[in-house]
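Engineer: Submitted below is the structure of interest, expressed as structure tokens.
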Amino acid sequence: MILCSNPKAQYRAHKPEIDKEISKVLESGQYILGEQVQSFEREFAQYLGVNFAIGVGSGTEALHIALKAAGLGKGDEVITVSHTAIATVAAIEVAGANPVLVDIESDFYTINPNKLKKAISKKTRAIIPVHLYGQPADLAPIASFARQHRIHLIEDCAQAHGAMYKGKRIGSWGNLACFSFYPTKNLGAFGDGGAIVTSSKKLANTCRMLREYGWSETKVSSIPGWSSRLDELQAAVLRVKLRYLDKDNESRMKLAAMYDTLLAETDLILPKKKARATHVYHQYVVRSERRDALRDFLMKKGIQTLIHYPIPVHLQPAYRGKVKTGGKLKETEHAANKVLSLPIYPELTQTQLRLVVKTIRAFFDQ
């Protein structure tokens, strides 16, 4: 089976270093918010070009805490997209705010800046652009809009570790930015994990308090908080893998370039790249009018594909008719019916990729 992603292959690629660091943590006897977390927070912030990183329990919790640190709550509105993982919208609701969903750019699957004006209201307090599939959202007009309306820009970077926009890392554009370290991510742990990053000392301090019961000092809660902590074992793994992130992203980009060349003459619509951005291909997403038949054909031939995402948030049973939208979501609904993620990860071999391409061609030649 050729998998769509393979976290085990990345473990094997860095096994001696990872095993060594895990052993050190086990021997240390300190497993929560210790030296490994502090070192990872410092190294990750430096990598992104921001002042602070705060490790938390998951990417969803990162968004939740970021929203609360920014002061959002009941009655506030947050503009984001429907073509995203449910986690983006779930975090907004857990924070007590209301999502307002807008359409995406058809070529890039990220939030359409031209749709923001229609979605904003007196209740709008933040925008969450999602850097989907490894492609940065068009941050310049989004950041300008946020400044103009004096609302928070909170980046959802869960699928774009290491991507760049106009020469700056994503995660360094917003007031706050949130990352997931789920095992299949470009920078993945061996369990759940996440981080919030910011250059604001005040916001960073609030995030640290919120992740651990609102403590401003040992066991003294200055604000209401909860428990959401990145553990030492995951931080140790992430420190090793962070050293290889750029190299691994380069591998993803080379594989994507091969797909671009070898699939150019098929009936697939291939992913497009923004001119001012670096796409790091968390997913290599194509579109096909025969998506479901192609997916079934590939699976029968031992090739796994995935659909990100088959049902937009606004059409999910939990949200249908209950969530506000900033206009029609035509491109979102079109994408959901056509997109297909092909196998891509740093350890995927060229031989495996060529087999994927050969099988796709065989499908269209039937």
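If you're wondering about the labels, chains in the structure tokens are A, B, ... by order shown, residues count from 1 in each chain, ligands from 1 in order shown.
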Using only C-alpha atoms, tabulate the residues of segment 150-231 of chain A lying at most 8 Å from any atom of segment 69-82 of chain A, each with its closest atom pair and that distance in Å to one decimal, by chain and increasing residue number, as a tab-separated table.
Structural biologist:
residue	atom	partner	partner_atom	distance
A:His152	CA	A:Ala70	CA	7.4
A:Leu203	CA	A:Ala69	CA	6.2
A:Thr206	CA	A:Ala69	CA	5.7
A:Cys207	CA	A:Ala69	CA	5.8
A:Leu210	CA	A:Ala69	CA	7.6
Engineer: Using only C-alpha atoms, which protein or nucleic acid residues come within 9 Å of Met209 of chain A? Drop anything in the same chain fewer than 2 positions from it, and give the result as a PyMOL selection string.
Structural biologist: chain A and resi 204-207+211-217+221-226
Engineer: Based on the selection just made, write N, CA and C atoms of those residues as a PDB file, in the first residue's frame.
Structural biologist:
ATOM      1  N   ALA A 204       1.565  36.701  25.046  1.00  0.00           N
ATOM      2  CA  ALA A 204       2.297  35.481  25.390  1.00  0.00           C
ATOM      3  C   ALA A 204       2.085  35.118  26.860  1.00  0.00           C
ATOM      4  N   ASN A 205       2.184  36.103  27.727  1.00  0.00           N
ATOM      5  CA  ASN A 205       1.991  35.843  29.155  1.00  0.00           C
ATOM      6  C   ASN A 205       0.574  35.350  29.446  1.00  0.00           C
ATOM      7  N   THR A 206      -0.405  35.953  28.765  1.00  0.00           N
ATOM      8  CA  THR A 206      -1.796  35.519  28.968  1.00  0.00           C
ATOM      9  C   THR A 206      -1.987  34.088  28.483  1.00  0.00           C
ATOM     10  N   CYS A 207      -1.397  33.747  27.345  1.00  0.00           N
ATOM     11  CA  CYS A 207      -1.503  32.377  26.827  1.00  0.00           C
ATOM     12  C   CYS A 207      -0.882  31.372  27.800  1.00  0.00           C
ATOM     13  N   ARG A 211      -3.050  28.313  29.641  1.00  0.00           N
ATOM     14  CA  ARG A 211      -2.780  26.896  29.396  1.00  0.00           C
ATOM     15  C   ARG A 211      -2.644  26.097  30.702  1.00  0.00           C
ATOM     16  N   GLU A 212      -2.522  26.792  31.829  1.00  0.00           N
ATOM     17  CA  GLU A 212      -2.339  26.097  33.106  1.00  0.00           C
ATOM     18  C   GLU A 212      -3.115  26.803  34.219  1.00  0.00           C
ATOM     19  N   TYR A 213      -4.452  26.661  34.131  1.00  0.00           N
ATOM     20  CA  TYR A 213      -5.367  27.087  35.192  1.00  0.00           C
ATOM     21  C   TYR A 213      -5.343  28.581  35.500  1.00  0.00           C
ATOM     22  N   GLY A 214      -4.791  29.402  34.601  1.00  0.00           N
ATOM     23  CA  GLY A 214      -4.730  30.833  34.856  1.00  0.00           C
ATOM     24  C   GLY A 214      -3.701  31.231  35.888  1.00  0.00           C
ATOM     25  N   TRP A 215      -2.752  30.323  36.141  1.00  0.00           N
ATOM     26  CA  TRP A 215      -1.736  30.606  37.158  1.00  0.00           C
ATOM     27  C   TRP A 215      -0.795  31.716  36.720  1.00  0.00           C
ATOM     28  N   SER A 216      -0.646  32.736  37.555  1.00  0.00           N
ATOM     29  CA  SER A 216       0.367  33.771  37.343  1.00  0.00           C
ATOM     30  C   SER A 216       1.622  33.445  38.141  1.00  0.00           C
ATOM     31  N   GLU A 217       1.445  32.658  39.182  1.00  0.00           N
ATOM     32  CA  GLU A 217       2.560  32.079  39.932  1.00  0.00           C
ATOM     33  C   GLU A 217       2.060  30.738  40.436  1.00  0.00           C
ATOM     34  N   SER A 221      -4.369  31.335  40.716  1.00  0.00           N
ATOM     35  CA  SER A 221      -5.077  31.615  39.463  1.00  0.00           C
ATOM     36  C   SER A 221      -5.507  33.075  39.425  1.00  0.00           C
ATOM     37  N   SER A 222      -4.877  33.837  38.536  1.00  0.00           N
ATOM     38  CA  SER A 222      -5.238  35.245  38.383  1.00  0.00           C
ATOM     39  C   SER A 222      -6.403  35.437  37.423  1.00  0.00           C
ATOM     40  N   ILE A 223      -6.566  34.489  36.500  1.00  0.00           N
ATOM     41  CA  ILE A 223      -7.679  34.497  35.558  1.00  0.00           C
ATOM     42  C   ILE A 223      -8.191  33.070  35.431  1.00  0.00           C
ATOM     43  N   PRO A 224      -9.433  32.873  34.987  1.00  0.00           N
ATOM     44  CA  PRO A 224      -9.908  31.503  34.764  1.00  0.00           C
ATOM     45  C   PRO A 224      -9.110  30.849  33.632  1.00  0.00           C
ATOM     46  N   GLY A 225      -8.677  29.627  33.846  1.00  0.00           N
ATOM     47  CA  GLY A 225      -7.924  28.917  32.807  1.00  0.00           C
ATOM     48  C   GLY A 225      -8.262  27.442  32.825  1.00  0.00           C
ATOM     49  N   TRP A 226      -7.444  26.633  32.186  1.00  0.00           N
ATOM     50  CA  TRP A 226      -7.661  25.192  32.134  1.00  0.00           C
ATOM     51  C   TRP A 226      -6.322  24.521  31.915  1.00  0.00           C
TER      52      TRP A 226
END
Engineer: For Thr332 of chain A, work out the shell of residues within 10 Å, counting only C-alpha atoms and skipping chain neighbours fewer than 6 positions away, then give it as a PDB file with C-alpha atoms, in the first residue's frame.
Structural biologist:
ATOM      1  CA  VAL A  81     -13.547  29.718   6.047  1.00  0.00           C
ATOM      2  CA  SER A  82     -15.834  26.716   5.675  1.00  0.00           C
ATOM      3  CA  HIS A  83     -13.264  24.768   3.621  1.00  0.00           C
ATOM      4  CA  THR A  84     -11.110  23.731   6.573  1.00  0.00           C
ATOM      5  CA  VAL A 102     -16.644  33.159   3.810  1.00  0.00           C
ATOM      6  CA  ASP A 103     -15.685  31.690   0.457  1.00  0.00           C
ATOM      7  CA  ILE A 104     -12.246  30.664  -0.765  1.00  0.00           C
ATOM      8  CA  GLU A 105     -10.147  31.570  -3.795  1.00  0.00           C
ATOM      9  CA  SER A 106     -10.822  28.844  -6.346  1.00  0.00           C
ATOM     10  CA  TYR A 109      -8.346  27.017  -1.546  1.00  0.00           C
ATOM     11  CA  THR A 110      -7.542  29.772   0.978  1.00  0.00           C
ATOM     12  CA  ILE A 111      -9.738  32.613   2.237  1.00  0.00           C
ATOM     13  CA  TYR A 309     -12.594  18.052   3.036  1.00  0.00           C
ATOM     14  CA  ILE A 311     -18.284  18.244   3.540  1.00  0.00           C
ATOM     15  CA  PRO A 312     -17.757  21.985   4.176  1.00  0.00           C
ATOM     16  CA  VAL A 313     -18.332  23.117   7.748  1.00  0.00           C
ATOM     17  CA  HIS A 314     -21.545  24.996   6.898  1.00  0.00           C
TER      18      HIS A 314
END
Engineer: Tell me which protein, DNA and RNA residues are within 12 Å of segment 351-357 of chain A, counting only C-alpha atoms, leaving out same-chain ones fewer than 2 positions away, and put them as an NGL selection string.
Structural biologist: :A and (1-4 or 252 or 254-266 or 268 or 284 or 294-295 or 297-299 or 301-305 or 341-349 or 359-364)
Engineer: Can you list every residue in segment 95-179 of chain A that DSSP puts in strand (DSSP E or B), as a count of residues only?
Structural biologist: 25
Engineer: Skip segment 146-151 of chain A itself and residues of its chain fewer than 2 positions away, then list as a count of residues only all residues within 8 Å of it, counting only C-alpha atoms.
Structural biologist: 8
Engineer: In terms of the shortest atom-to-atom distance over only C-alpha atoms, which of A:Val197, A:Leu270, A:Leu242, A:Val237 is closest to Phe52 of chain A?
Structural biologist: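 For Phe52 of chain A, the nearest of the given residues is A:Val197.
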Engineer: What's the separation between atom CA of Val286 of chain A and atom CA of Ile86 of chain A, in Å to one decimal place?
Structural biologist: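 The value is 21.0 Å.
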Engineer: Measure the distance from atom CA of Pro271 of chain A to atom CA of Asn186 of chain A in Å and round it to one decimal.
Structural biologist: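 Answer for the atom CA of Pro271 of chain A to atom CA of Asn186 of chain A separation: 17.9 Å.
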Engineer: Please report, as JSON lines, each residue of segment 76-193 of chain A lying at most 10 Å from segment 38-49 of chain A, together with the nearest pair of atoms and the separation in Å rounded to one decimal; use only C-alpha atoms, and order rows by chain and ascending residue number.
Structural biologist:
{"residue": "A:His161", "atom": "CA", "partner": "A:Leu48", "partner_atom": "CA", "distance": 9.2}
{"residue": "A:Gly162", "atom": "CA", "partner": "A:Leu48", "partner_atom": "CA", "distance": 7.7}
{"residue": "A:Ala163", "atom": "CA", "partner": "A:Leu48", "partner_atom": "CA", "distance": 9.7}
{"residue": "A:Met164", "atom": "CA", "partner": "A:Leu48", "partner_atom": "CA", "distance": 9.6}
{"residue": "A:Lys168", "atom": "CA", "partner": "A:Gly49", "partner_atom": "CA", "distance": 8.0}
{"residue": "A:Arg169", "atom": "CA", "partner": "A:Leu48", "partner_atom": "CA", "distance": 5.6}
{"residue": "A:Ile170", "atom": "CA", "partner": "A:Leu48", "partner_atom": "CA", "distance": 7.5}
{"residue": "A:Gly171", "atom": "CA", "partner": "A:Leu48", "partner_atom": "CA", "distance": 6.7}
{"residue": "A:Ser172", "atom": "CA", "partner": "A:Leu48", "partner_atom": "CA", "distance": 6.4}
{"residue": "A:Trp173", "atom": "CA", "partner": "A:Gly49", "partner_atom": "CA", "distance": 9.9}
Engineer: Given only C-alpha atoms as the basis, pick out the residue of A:Ala277, A:Val323, A:Leu238, A:Cys157 nearest to Ala140 of chain A.
Structural biologist: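 Smallest separation from Ala140 of chain A among the options: A:Ala277.
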Engineer: Mind giving me the straight-line distance from atom CA of Lys330 of chain A to atom CA of Val89 of chain A in Å, one decimal?
Structural biologist: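 Between these atoms lies a distance of 18.9 Å.
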Engineer: Set the distance at 7 Å and use only C-alpha atoms: which residues neighbour His279 of chain A once local chain neighbours fewer than 3 positions away are removed? I'd like the list as number ranges by chain.
Structural biologist: A: 134-136, 163, 273
Engineer: Filtering to N, CA and C atoms, could you give me those residues as an mmCIF file, in the first residue's frame?
Structural biologist:
data_model
loop_
_atom_site.group_PDB
_atom_site.id
_atom_site.type_symbol
_atom_site.label_atom_id
_atom_site.label_comp_id
_atom_site.auth_asym_id
_atom_site.auth_seq_id
_atom_site.Cartn_x
_atom_site.Cartn_y
_atom_site.Cartn_z
ATOM 1 N N GLY A 134 -0.714 23.619 2.999
ATOM 2 C CA GLY A 134 0.666 24.097 2.897
ATOM 3 C C GLY A 134 0.792 25.392 2.129
ATOM 4 N N GLN A 135 -0.323 25.907 1.629
ATOM 5 C CA GLN A 135 -0.348 27.151 0.847
ATOM 6 C C GLN A 135 -0.728 28.334 1.741
ATOM 7 N N PRO A 136 0.108 29.365 1.842
ATOM 8 C CA PRO A 136 -0.262 30.540 2.647
ATOM 9 C C PRO A 136 -1.462 31.271 2.060
ATOM 10 N N ALA A 163 6.170 27.375 5.722
ATOM 11 C CA ALA A 163 5.795 28.116 4.517
ATOM 12 C C ALA A 163 6.110 29.605 4.693
ATOM 13 N N LYS A 273 0.279 27.697 -7.337
ATOM 14 C CA LYS A 273 1.052 28.341 -6.277
ATOM 15 C C LYS A 273 0.950 29.847 -6.395
#
Engineer: Calculated over only C-alpha atoms, which of the candidates A:Gln283, A:Asp248, A:Val240, A:His131 has the smallest distance to Lys15 of chain A?
Structural biologist: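 The closest residue to Lys15 of chain A is A:Val240.
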Engineer: Could you pull out all residues of segment 164-319 of chain A with a DSSP call of helix (DSSP H, G or I) and give them as a PyMOL selection string?
Structural biologist: chain A and resi 201-210+232-242+245-262+291-300+313-315
Engineer: With C-alpha atoms retained, write the just-selected residues as a short mmCIF file (atom, residue, chain, number, x, y, z; two decimals), in the first residue's frame.
Structural biologist:
data_model
loop_
_atom_site.label_atom_id
_atom_site.label_comp_id
_atom_site.auth_asym_id
_atom_site.auth_seq_id
_atom_site.Cartn_x
_atom_site.Cartn_y
_atom_site.Cartn_z
CA LYS A 201 4.80 39.86 25.52
CA LYS A 202 1.37 40.60 26.99
CA LEU A 203 -0.42 38.07 24.79
CA ALA A 204 2.30 35.48 25.39
CA ASN A 205 1.99 35.84 29.15
CA THR A 206 -1.80 35.52 28.97
CA CYS A 207 -1.50 32.38 26.83
CA ARG A 208 0.90 30.83 29.34
CA MET A 209 -1.53 31.55 32.16
CA LEU A 210 -4.51 30.19 30.25
CA GLU A 232 8.26 16.91 27.47
CA LEU A 233 8.31 13.79 25.29
CA GLN A 234 6.53 15.52 22.40
CA ALA A 235 8.75 18.59 22.76
CA ALA A 236 11.85 16.39 22.58
CA VAL A 237 10.60 14.77 19.36
CA LEU A 238 9.70 18.14 17.87
CA ARG A 239 13.13 19.59 18.64
CA VAL A 240 14.75 16.83 16.58
CA LYS A 241 12.29 17.15 13.71
CA LEU A 242 12.44 20.96 13.64
CA LEU A 245 11.84 20.78 8.67
CA ASP A 246 13.27 22.88 5.85
CA LYS A 247 14.95 19.85 4.29
CA ASP A 248 11.76 17.82 4.55
CA ASN A 249 9.75 20.67 3.01
CA GLU A 250 12.23 20.81 0.14
CA SER A 251 11.60 17.09 -0.42
CA ARG A 252 7.86 17.74 -0.50
CA MET A 253 8.34 20.54 -3.03
CA LYS A 254 10.50 18.33 -5.27
CA LEU A 255 7.89 15.59 -5.19
CA ALA A 256 5.18 18.15 -5.99
CA ALA A 257 7.22 19.38 -8.95
CA MET A 258 7.43 15.80 -10.23
CA TYR A 259 3.68 15.42 -9.95
CA ASP A 260 3.25 18.74 -11.79
CA THR A 261 5.39 17.51 -14.68
CA LEU A 262 4.14 13.93 -14.91
CA ARG A 291 -12.96 12.20 -8.25
CA ASP A 292 -14.80 9.36 -6.52
CA ALA A 293 -14.26 6.86 -9.33
CA LEU A 294 -10.57 7.77 -9.47
CA ARG A 295 -10.22 7.35 -5.72
CA ASP A 296 -11.85 3.91 -5.83
CA PHE A 297 -9.62 2.85 -8.73
CA LEU A 298 -6.46 3.93 -6.92
CA MET A 299 -7.48 2.18 -3.70
CA LYS A 300 -8.04 -1.09 -5.57
CA VAL A 313 -18.33 23.12 7.75
CA HIS A 314 -21.54 25.00 6.90
CA LEU A 315 -23.07 21.80 5.47
#
Engineer: Could you give me, as a Markdown table, a per-residue list for segment 13-116 of chain A showing, wherever an atom lies at most 9 Å from an atom of segment 189-194 of chain A, the closest pair of atoms and their distance in Å to one decimal, using only C-alpha atoms and sorting by chain then residue number from low to high?
Structural biologist:
| residue | atom | partner | partner_atom | distance |
| --- | --- | --- | --- | --- |
| A:Ile54 | CA | A:Gly194 | CA | 8.5 |
| A:Gly55 | CA | A:Gly194 | CA | 5.9 |
| A:Val56 | CA | A:Gly194 | CA | 5.0 |
| A:Gly57 | CA | A:Gly193 | CA | 4.6 |
| A:Ser58 | CA | A:Gly193 | CA | 4.0 |
| A:Gly59 | CA | A:Gly194 | CA | 4.4 |
| A:Thr60 | CA | A:Gly194 | CA | 7.8 |
| A:Glu61 | CA | A:Gly194 | CA | 7.4 |
| A:Ala62 | CA | A:Gly194 | CA | 6.0 |
Engineer: Produce a file of the selected residues containing C-alpha atoms, as a PDB file, in the first residue's frame.
Structural biologist:
ATOM      1  CA  ILE A  54       3.776  28.698  23.936  1.00  0.00           C
ATOM      2  CA  GLY A  55       3.417  24.924  23.759  1.00  0.00           C
ATOM      3  CA  VAL A  56      -0.096  23.533  24.331  1.00  0.00           C
ATOM      4  CA  GLY A  57      -1.978  20.258  24.076  1.00  0.00           C
ATOM      5  CA  SER A  58      -3.204  20.455  20.463  1.00  0.00           C
ATOM      6  CA  GLY A  59      -3.733  22.745  17.505  1.00  0.00           C
ATOM      7  CA  THR A  60      -7.399  23.121  18.399  1.00  0.00           C
ATOM      8  CA  GLU A  61      -6.461  24.194  21.909  1.00  0.00           C
ATOM      9  CA  ALA A  62      -3.921  26.620  20.443  1.00  0.00           C
TER      10      ALA A  62
END
Engineer: Let me make sure I understand: among A:Tyr244, A:Tyr31, A:Lys117, A:Ala158, which one has the smallest atom-to-atom distance to Ala13 of chain A if we use only C-alpha atoms?
Structural biologist: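 Residue with the minimum atom-to-atom distance to Ala13 of chain A: A:Tyr244.
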Engineer: Residues within 9 Å of Arg276 of chain A, please, as a list in words. Count only C-alpha atoms; anything in the same chain fewer than 5 positions from it doesn't count.
Structural biologist: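 Here the qualifying residues turn out to be Asp138, Met164, Tyr165, Lys166 and Gly167 of chain A.
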Engineer: Nearest to Asn112 of chain A: which of A:Asp19, A:Glu155, A:Asp365, A:Glu331 is it, counting only C-alpha atoms?
Structural biologist: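 Distance minimum relative to Asn112 of chain A lands on A:Glu331.
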